[in-house]
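This is start-v5.cif (mmCIF, C-alpha atoms).
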```
data_entry
#
loop_
_atom_site.label_atom_id
_atom_site.label_comp_id
_atom_site.auth_asym_id
_atom_site.auth_seq_id
_atom_site.Cartn_x
_atom_site.Cartn_y
_atom_site.Cartn_z
CA MET S 28 73.87 98.72 141.15
CA THR S 29 75.46 98.38 144.60
CA HIS S 30 78.29 100.70 145.57
CA ALA S 31 81.32 99.24 147.33
CA ASP S 32 80.63 101.43 150.37
CA ASP S 33 77.18 99.81 150.74
CA HIS S 34 78.54 96.26 151.09
CA PRO S 35 77.48 94.81 154.51
CA ASP S 36 81.06 93.83 155.45
CA LYS S 37 82.36 97.32 154.64
CA LEU S 38 79.45 98.85 156.52
CA ARG S 39 80.15 96.71 159.59
CA ALA S 40 83.82 97.70 159.48
CA ASP S 41 82.86 101.38 159.36
CA LEU S 42 80.45 100.95 162.24
CA LYS S 43 83.07 99.20 164.31
CA LYS S 44 85.50 102.07 163.67
CA TRP S 45 82.87 104.68 164.61
CA VAL S 46 82.03 102.90 167.84
CA ARG S 47 85.70 102.73 168.83
CA GLN S 48 86.25 106.40 168.09
CA ASN S 49 83.21 107.43 170.11
CA GLU S 50 83.19 104.90 172.91
CA ASP S 51 83.11 107.61 175.56
CA LEU S 52 79.89 109.10 174.14
CA GLY S 53 77.71 106.10 174.99
CA SER S 54 76.26 103.25 173.00
CA GLY S 55 73.45 105.30 171.44
CA TRP S 56 75.48 108.20 170.08
CA PHE S 57 74.61 107.57 166.43
CA LEU S 58 70.95 106.54 166.82
CA ASP S 59 68.25 109.12 166.24
CA GLU S 60 65.14 107.17 167.15
CA GLY S 61 63.95 104.28 169.25
CA LYS S 62 65.70 102.58 172.11
CA PRO S 63 69.40 102.10 171.41
CA GLU S 64 70.64 98.55 171.27
CA GLU S 65 73.20 97.56 173.84
CA ILE S 66 76.66 97.49 172.29
CA SER S 67 79.46 95.73 174.06
CA GLU S 68 82.61 97.65 174.93
CA PRO S 69 84.79 98.01 171.82
CA ASN S 70 87.64 95.53 171.63
CA THR S 71 90.50 95.89 169.21
CA GLU S 72 90.55 92.10 168.80
CA SER S 73 86.81 91.64 168.21
CA THR S 74 85.49 90.53 164.81
CA VAL S 75 83.47 92.68 162.47
CA GLY S 76 80.48 90.41 162.89
CA GLU S 77 80.01 91.50 166.51
CA ILE S 78 78.17 94.65 165.40
CA PRO S 79 74.45 93.85 166.00
CA GLU S 80 72.41 93.12 162.88
CA ALA S 81 69.70 95.53 164.02
CA VAL S 82 72.20 98.35 164.17
CA VAL S 83 73.49 97.52 160.69
CA ALA S 84 69.93 97.49 159.37
CA ARG S 85 69.22 100.92 160.89
CA VAL S 86 72.29 102.46 159.36
CA GLU S 87 71.72 100.80 155.97
CA LYS S 88 68.25 102.28 155.96
CA ALA S 89 69.53 105.70 156.97
CA ARG S 90 72.19 105.69 154.26
CA LYS S 91 69.76 104.91 151.38
CA PRO S 92 68.89 107.95 149.26
CA LEU S 93 65.37 109.32 149.36
CA ALA S 94 62.98 107.76 146.85
CA PRO S 95 62.35 110.00 143.84
CA GLU S 96 58.76 110.65 144.88
CA ALA S 97 59.67 111.59 148.44
CA LYS S 98 59.53 115.28 149.30
CA VAL S 99 61.33 116.95 152.13
CA THR S 100 58.97 119.30 153.93
CA ALA S 101 59.00 121.03 157.26
CA SER S 102 56.33 118.64 158.54
CA ASN S 103 58.31 115.60 157.41
CA VAL S 104 61.40 116.87 159.14
CA ALA S 105 59.42 117.52 162.31
CA LYS S 106 58.02 113.98 162.24
CA GLU S 107 61.24 112.21 161.43
CA SER S 108 63.65 114.22 163.57
CA LYS S 109 63.99 113.89 167.27
CA PRO S 110 66.22 116.03 169.45
CA THR S 111 69.55 114.49 170.25
CA THR S 112 71.31 114.88 173.53
CA LYS S 113 74.70 116.51 173.29
CA PRO S 114 77.32 114.42 175.11
CA THR S 115 78.48 116.09 178.24
CA THR S 116 81.87 115.80 179.85
CA LYS S 117 82.50 116.04 183.52
CA PRO S 118 84.35 119.21 184.51
CA THR S 119 87.89 118.67 185.67
CA THR S 120 87.95 118.97 189.42
CA LYS S 121 90.95 119.57 191.60
CA PRO S 122 91.29 117.69 194.87
CA ALA S 123 90.78 119.51 198.14
CA PRO S 124 93.99 120.51 199.91
CA LYS S 125 95.39 117.95 202.29
CA PRO S 126 95.50 118.79 206.00
CA ALA S 127 98.21 121.22 207.04
CA PRO S 128 101.39 119.55 208.30
CA GLU S 129 101.55 119.23 212.06
CA ILE S 130 103.92 121.66 213.75
CA THR S 131 105.79 119.59 216.30
CA ASN S 132 108.14 122.25 217.64
CA PRO S 133 106.21 123.93 220.49
CA GLU S 134 108.18 127.17 220.28
CA PHE S 135 107.60 127.56 216.55
CA LYS S 136 103.96 126.56 216.98
CA GLN S 137 103.45 129.46 219.40
CA GLU S 138 105.35 131.81 217.10
CA CYS S 139 103.22 130.68 214.14
CA GLU S 140 99.98 131.19 216.06
CA ARG S 141 101.16 134.65 217.11
CA PHE S 142 102.04 135.51 213.49
CA VAL S 143 98.63 134.39 212.22
CA ALA S 144 96.78 136.32 214.94
CA GLN S 145 98.69 139.52 214.16
CA ALA S 146 98.23 139.01 210.42
CA LEU S 147 94.48 138.47 210.76
CA ALA S 148 94.14 141.57 212.91
CA THR S 149 95.98 143.59 210.28
CA ILE S 150 93.96 142.07 207.43
CA ALA S 151 90.68 142.84 209.20
CA LYS S 152 91.58 146.55 209.17
CA GLN S 153 92.21 146.59 205.42
CA SER S 154 89.69 148.04 203.00
CA PRO S 155 87.72 145.42 201.05
CA GLN S 156 89.48 144.22 197.94
CA VAL S 157 88.32 145.97 194.75
CA SER S 158 88.49 144.05 191.49
CA ALA S 159 90.20 145.81 188.60
CA VAL S 160 89.21 143.26 185.97
CA ALA S 161 87.42 145.98 184.04
CA GLU S 162 90.80 147.36 183.05
CA PHE S 163 91.11 144.37 180.75
CA ASP S 164 88.09 144.78 178.50
CA GLN S 165 86.79 141.28 177.75
CA LYS S 166 83.34 139.85 177.09
CA ASN S 167 84.22 136.95 179.38
CA SER S 168 85.21 139.12 182.34
CA ASP S 169 82.82 137.08 184.50
CA ASN S 170 84.81 133.95 183.65
CA PRO S 171 88.32 134.18 185.15
CA LYS S 172 89.65 131.24 183.15
CA GLU S 173 88.53 132.62 179.79
CA THR S 174 89.67 136.14 180.66
CA LEU S 175 93.07 134.84 181.72
CA LEU S 176 93.42 132.90 178.45
CA ALA S 177 92.58 136.03 176.48
CA LEU S 178 95.22 137.98 178.39
CA ARG S 179 97.70 135.17 177.74
CA ASP S 180 97.04 135.41 174.00
CA GLU S 181 97.85 139.11 174.17
CA ALA S 182 101.07 138.47 176.10
CA LEU S 183 102.31 135.85 173.63
CA SER S 184 102.75 138.50 170.95
CA CYS S 185 104.15 141.21 173.23
CA GLN S 186 106.96 143.33 171.79
CA LYS S 187 107.14 145.98 174.52
CA CYS S 188 110.80 145.48 175.45
CA GLY S 189 114.06 144.10 174.07
CA LEU S 190 113.50 140.65 175.60
CA ALA S 191 111.07 139.92 172.77
CA LYS S 192 114.09 139.54 170.47
CA SER S 193 116.01 137.09 172.64
CA ARG S 194 113.25 134.94 174.13
CA THR S 195 112.26 131.51 172.87
CA GLN S 196 108.77 131.64 174.35
CA VAL S 197 106.68 133.93 176.52
CA VAL S 198 106.17 132.34 179.94
CA PHE S 199 102.81 133.77 180.94
CA GLY S 200 101.96 131.72 184.04
CA SER S 201 100.03 128.59 184.93
CA GLY S 202 97.63 127.17 187.47
CA ASP S 203 94.13 127.66 188.80
CA ALA S 204 92.41 130.81 187.53
CA GLN S 205 90.63 131.04 190.88
CA ALA S 206 93.58 130.08 193.07
CA ARG S 207 93.59 131.17 196.70
CA VAL S 208 97.41 131.23 196.75
CA LEU S 209 99.57 132.81 194.05
CA PHE S 210 103.36 132.48 193.89
CA ILE S 211 105.40 135.13 192.09
CA GLY S 212 108.97 134.56 190.98
CA GLU S 213 111.50 136.83 189.34
CA ALA S 214 111.73 135.73 185.69
CA PRO S 215 111.81 132.57 183.56
CA GLY S 216 115.00 130.55 183.40
CA ARG S 217 116.41 128.44 180.58
CA GLU S 218 114.01 125.50 180.93
CA GLU S 219 111.03 127.79 181.35
CA ASP S 220 112.01 129.72 178.22
CA LEU S 221 112.20 126.47 176.26
CA GLN S 222 108.94 124.98 177.55
CA GLY S 223 106.85 128.13 177.95
CA GLU S 224 105.82 127.18 181.51
CA PRO S 225 106.94 128.71 184.83
CA PHE S 226 109.10 126.81 187.32
CA VAL S 227 109.73 123.60 185.38
CA GLY S 228 113.50 123.37 185.87
CA ALA S 229 115.40 122.28 188.98
CA SER S 230 114.08 125.17 191.06
CA GLY S 231 110.57 124.40 189.80
CA GLN S 232 110.86 120.81 190.97
CA LEU S 233 111.88 122.06 194.40
CA LEU S 234 108.96 124.51 194.45
CA THR S 235 106.58 121.65 193.65
CA LYS S 236 107.94 119.72 196.65
CA ILE S 237 107.51 122.76 198.88
CA ILE S 238 103.92 123.23 197.72
CA GLU S 239 103.12 119.57 198.29
CA ALA S 240 104.79 119.62 201.73
CA ILE S 241 102.15 122.07 202.99
CA GLY S 242 99.27 120.01 201.61
CA PHE S 243 98.69 121.67 198.23
CA ASP S 244 99.54 120.65 194.71
CA ARG S 245 100.09 122.83 191.66
CA ARG S 246 96.42 122.55 190.70
CA HIS S 247 95.48 124.52 193.82
CA ILE S 248 97.71 127.51 193.16
CA TYR S 249 98.81 129.88 190.40
CA ILE S 250 102.43 130.63 189.50
CA ALA S 251 103.62 133.74 187.68
CA ASN S 252 106.76 135.86 187.33
CA ILE S 253 107.57 139.55 187.40
CA LEU S 254 108.88 139.15 183.83
CA LYS S 255 107.25 136.97 181.19
CA CYS S 256 110.43 136.57 179.14
CA ARG S 257 113.85 135.26 180.12
CA PRO S 258 116.63 137.84 180.56
CA PRO S 259 119.87 136.77 178.81
CA GLN S 260 122.11 134.66 181.07
CA ASN S 261 119.41 134.91 183.77
CA ARG S 262 120.55 138.39 184.76
CA ASP S 263 118.38 140.56 187.03
CA PRO S 264 115.43 142.30 185.34
CA LEU S 265 116.01 145.86 184.18
CA LEU S 266 113.69 148.67 185.21
CA ASP S 267 112.34 149.21 181.70
CA GLU S 268 111.63 145.47 181.38
CA ILE S 269 109.77 145.45 184.69
CA GLU S 270 107.76 148.47 183.65
CA ALA S 271 106.89 146.95 180.27
CA CYS S 272 105.73 143.69 181.89
CA SER S 273 103.96 145.15 184.92
CA THR S 274 100.61 145.50 183.19
CA PHE S 275 100.35 141.77 182.57
CA LEU S 276 101.10 140.88 186.19
CA LYS S 277 98.66 143.48 187.53
CA GLN S 278 95.93 142.12 185.28
CA GLN S 279 96.71 138.54 186.30
CA LEU S 280 96.32 139.49 189.95
CA SER S 281 93.10 141.41 189.36
CA ILE S 282 91.56 138.51 187.41
CA ILE S 283 92.59 135.72 189.81
CA GLN S 284 92.03 137.73 193.01
CA PRO S 285 94.11 135.40 195.24
CA LYS S 286 93.68 135.36 199.00
CA ILE S 287 97.45 135.29 199.57
CA ILE S 288 100.46 136.17 197.44
CA CYS S 289 103.84 134.59 198.16
CA CYS S 290 106.84 136.34 196.62
CA LEU S 291 109.79 134.08 195.88
CA GLY S 292 112.99 136.02 196.32
CA LYS S 293 114.07 139.61 196.86
CA VAL S 294 113.42 140.87 193.31
CA ALA S 295 109.84 139.64 193.26
CA ALA S 296 109.06 140.98 196.73
CA GLN S 297 110.69 144.38 196.29
CA THR S 298 109.12 144.86 192.86
CA LEU S 299 105.57 143.91 193.83
CA LEU S 300 105.64 145.88 197.09
CA GLY S 301 107.66 148.83 195.80
CA SER S 302 110.06 148.35 198.70
CA ASP S 303 113.83 148.49 199.17
CA LEU S 304 113.83 146.40 202.36
CA SER S 305 116.02 143.32 202.49
CA LEU S 306 114.43 139.92 201.98
CA GLY S 307 115.19 139.13 205.62
CA ARG S 308 113.08 142.09 206.73
CA LEU S 309 110.33 141.35 204.23
CA ARG S 310 110.08 137.76 205.47
CA GLU S 311 109.32 138.93 209.00
CA GLY S 312 105.83 140.28 208.51
CA ILE S 313 102.68 140.55 206.43
CA HIS S 314 102.45 143.07 203.60
CA PHE S 315 99.70 144.09 201.19
CA TYR S 316 99.23 144.56 197.49
CA GLU S 317 95.92 146.32 196.76
CA GLY S 318 94.41 144.75 199.86
CA ILE S 319 95.82 141.25 199.22
CA PRO S 320 98.08 139.85 201.96
CA VAL S 321 101.64 139.31 200.74
CA MET S 322 104.32 137.10 202.28
CA ALA S 323 107.91 136.63 201.14
CA THR S 324 110.39 133.79 201.27
CA TYR S 325 113.53 132.59 199.50
CA HIS S 326 113.50 131.73 195.81
CA PRO S 327 113.89 127.97 195.24
CA ALA S 328 116.98 128.62 193.12
CA ALA S 329 118.59 130.26 196.16
CA LEU S 330 117.81 127.16 198.22
CA LEU S 331 119.65 125.00 195.70
CA ARG S 332 122.74 127.17 196.24
CA ASN S 333 122.25 127.57 199.99
CA PRO S 334 120.55 124.50 201.50
CA ALA S 335 120.84 126.02 204.98
CA TRP S 336 117.99 128.39 204.06
CA LYS S 337 115.55 125.51 203.61
CA LYS S 338 114.65 125.51 207.32
CA ASP S 339 113.65 129.19 207.18
CA THR S 340 111.67 128.61 203.99
CA TRP S 341 109.89 125.65 205.58
CA GLN S 342 108.78 127.85 208.46
CA ASP S 343 107.69 130.59 206.04
CA VAL S 344 105.41 128.27 204.08
CA GLN S 345 104.03 126.72 207.25
CA ARG S 346 102.99 130.24 208.34
CA LEU S 347 101.48 130.75 204.90
CA ARG S 348 99.40 127.58 205.16
CA ALA S 349 98.27 128.48 208.68
CA LEU S 350 97.20 131.93 207.50
CA HIS S 351 95.45 130.41 204.47
CA ASP S 352 93.37 128.17 206.73
CA SER S 353 92.44 131.07 209.00
CA LEU S 354 91.38 133.58 206.33
CA ASP S 355 87.81 132.29 206.11
CA ASP S 356 87.28 133.47 209.68
CA VAL S 357 88.01 137.04 208.57
CA VAL S 358 85.53 136.75 205.70
CA THR S 359 82.88 135.36 208.05
CA ASN S 360 83.44 138.11 210.60
CA ARG S 361 83.16 140.80 207.90
CA SER S 362 79.91 139.27 206.62
CA ASN S 363 78.46 139.14 210.11
CA ALA S 364 79.47 142.75 210.74
CA LYS S 365 77.76 143.88 207.54
CA GLY S 366 74.65 141.87 208.36
CA GLY S 367 74.39 143.35 211.83
CA SER S 368 74.87 146.95 210.76
#
```

Rewrite the structure of this file - the entire thing - as structure tokens.
Amino acid sequence: MTHADDHPDKLRADLKKWVRQNEDLGSGWFLDEGKPEEISEPNTESTVGEIPEAVVARVEKARKPLAPEAKVTASNVAKESKPTTKPTTKPTTKPAPKPAPEITNPEFKQECERFVAQALATIAKQSPQVSAVAEFDQKNSDNPKETLLALRDEALSCQKCGLAKSRTQVVFGSGDAQARVLFIGEAPGREEDLQGEPFVGASGQLLTKIIEAIGFDRRHIYIANILKCRPPQNRDPLLDEIEACSTFLKQQLSIIQPKIICCLGKVAAQTLLGSDLSLGRLREGIHFYEGIPVMATYHPAALLRNPAWKKDTWQDVQRLRALHDSLDDVVTNRSNAKGGS
């Protein structure tokens, strides 16, 4: 007696469906022996009869039950089975940064070169950066991406402060787990609270433009906030909220180990650096957080309210990009010094 599922037309239809669903795995994904037949690219308008007869015959044979007298033994399995190759997917790669924008103003170009030279001299005197990843006990501590995801899972259920009651979502952070540049804002806003991602509202769109203007895109960098939850009515963070959230930010920084941190706004800069200096003063020089160079500039939301500050911000991020491109020289010099000692 023939079952309905064994009818050749039904079998061809199933094969066609399987091929479509697995087209990215190659034409031989379901064959376990012999040279796979060439199968044309699946077409939603093709007929069922386009499945090769040889393929149908192979599958029909494979689907038949074992004969009563057949015995499954280890030797039979060894003879009949052949190792299959697991389909591999290409890792997602991010494009290299574009060239830094040309500085056309000769006075600012000199000022920028002077800033970078002074910053590099100061950085060279700093003690080598020490990773604190061990503070976050994870089996995948050698994999920044996996460790960061594990920390994110912990943050999503955080109940350490009163913001847990008013938030819609925890906004942990996003970007490259091995980013060279990390931006830190103050706290999530309304759109961020709704979407669970940092800087996705109007100020986020402006930040994206700023990042792209210096030759990066958001895949090159990481974005986080001092707070992971939105304060009601976007008020300033309270001290107990900052304290409750500080562990997550410290662990993010220790896992990612960025080469440069850029603080967006006074709250972010003063909190990270433990300083009471004005943003104007903080913008003037290079600072350090556990050996990592820190720069400060205006928060994008402030630029939306005060467009006149855009020029200053543009110069700030041009300095940041120039410093970013010069940091490898410091690493090379340190390596040479160690090798010669």

Please tabulate, as CSV, the residues of range 263-317 of chain S that come within 10 Å of range 226-250 of chain S, each with its closest pair of atoms and the distance in Å to one decimal, counting all atoms listed in the file and ordering rows by chain, then residue number upward.
```
residue,atom,partner,partner_atom,distance
S:Gln279,CA,S:Tyr249,CA,9.8
S:Leu280,CA,S:Tyr249,CA,9.9
S:Ile283,CA,S:Tyr249,CA,8.6
S:Pro285,CA,S:Tyr249,CA,8.7
S:Ile288,CA,S:Tyr249,CA,9.6
S:Cys289,CA,S:Ile250,CA,9.6
S:Leu291,CA,S:Leu234,CA,9.7
```

Could you list, as a PDB file with C-alpha atoms, in the coordinates of the input, every residue within 10 Å of Glu213 in chain S, counting only C-alpha atoms and ignoring same-chain residues fewer than 2 positions away?
```pdb
ATOM      1  CA  ILE S 211     105.400 135.130 192.090  1.00  0.00           C
ATOM      2  CA  PRO S 215     111.810 132.570 183.560  1.00  0.00           C
ATOM      3  CA  GLY S 216     115.000 130.550 183.400  1.00  0.00           C
ATOM      4  CA  ALA S 251     103.620 133.740 187.680  1.00  0.00           C
ATOM      5  CA  ASN S 252     106.760 135.860 187.330  1.00  0.00           C
ATOM      6  CA  ILE S 253     107.570 139.550 187.400  1.00  0.00           C
ATOM      7  CA  LEU S 254     108.880 139.150 183.830  1.00  0.00           C
ATOM      8  CA  LYS S 255     107.250 136.970 181.190  1.00  0.00           C
ATOM      9  CA  ARG S 257     113.850 135.260 180.120  1.00  0.00           C
ATOM     10  CA  ASN S 261     119.410 134.910 183.770  1.00  0.00           C
ATOM     11  CA  ASP S 263     118.380 140.560 187.030  1.00  0.00           C
ATOM     12  CA  PRO S 264     115.430 142.300 185.340  1.00  0.00           C
ATOM     13  CA  ILE S 269     109.770 145.450 184.690  1.00  0.00           C
ATOM     14  CA  CYS S 290     106.840 136.340 196.620  1.00  0.00           C
ATOM     15  CA  LEU S 291     109.790 134.080 195.880  1.00  0.00           C
ATOM     16  CA  GLY S 292     112.990 136.020 196.320  1.00  0.00           C
ATOM     17  CA  LYS S 293     114.070 139.610 196.860  1.00  0.00           C
ATOM     18  CA  VAL S 294     113.420 140.870 193.310  1.00  0.00           C
ATOM     19  CA  ALA S 295     109.840 139.640 193.260  1.00  0.00           C
ATOM     20  CA  ALA S 296     109.060 140.980 196.730  1.00  0.00           C
ATOM     21  CA  THR S 298     109.120 144.860 192.860  1.00  0.00           C
ATOM     22  CA  HIS S 326     113.500 131.730 195.810  1.00  0.00           C
TER      23      HIS S 326
END
```

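Taking only C-alpha atoms into account, Ser184 in chain S lies nearest to S:Val198 out of the set S:Leu300, S:Leu331, S:Val198, S:Pro171.
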
Q: Using the chain letters and numbering of this document, enumerate as JSON, numbers by chain the residues selected by the PyMOL selection byres ((chain S and resi 121-138) around 12).
A: {"S": [118, 119, 120, 139, 140, 141, 142, 143, 144, 145, 202, 203, 205, 206, 207, 208, 237, 238, 239, 240, 241, 242, 243, 244, 245, 246, 247, 248, 311, 338, 339, 341, 342, 343, 344, 345, 346, 347, 348, 349, 350, 351, 352, 353]}

Q. Suppose you want the space between CA of Asp180 in chain S and CA of Gln297 in chain S; what is it in Å?
A.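 Distance between the two atoms: 27.6 Å.
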
Q) Pick from S:Leu147, S:Cys256, S:Leu266, S:Met322: nearest to Gln196 in chain S, with all atoms listed in the file counted? A)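 Closest to Gln196 in chain S, using all atoms listed in the file: S:Cys256.
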
Might I get the box with edges along x, y and z of the file that holds all atoms of range 211-218 of chain S listed there, padded by 6 Å on every side, given as centre and edge lengths in Å to one decimal, as AutoDock Vina command-line options?
```
--center_x 110.9 --center_y 131.2 --center_z 186.3 --size_x 23.0 --size_y 23.3 --size_z 23.5
```
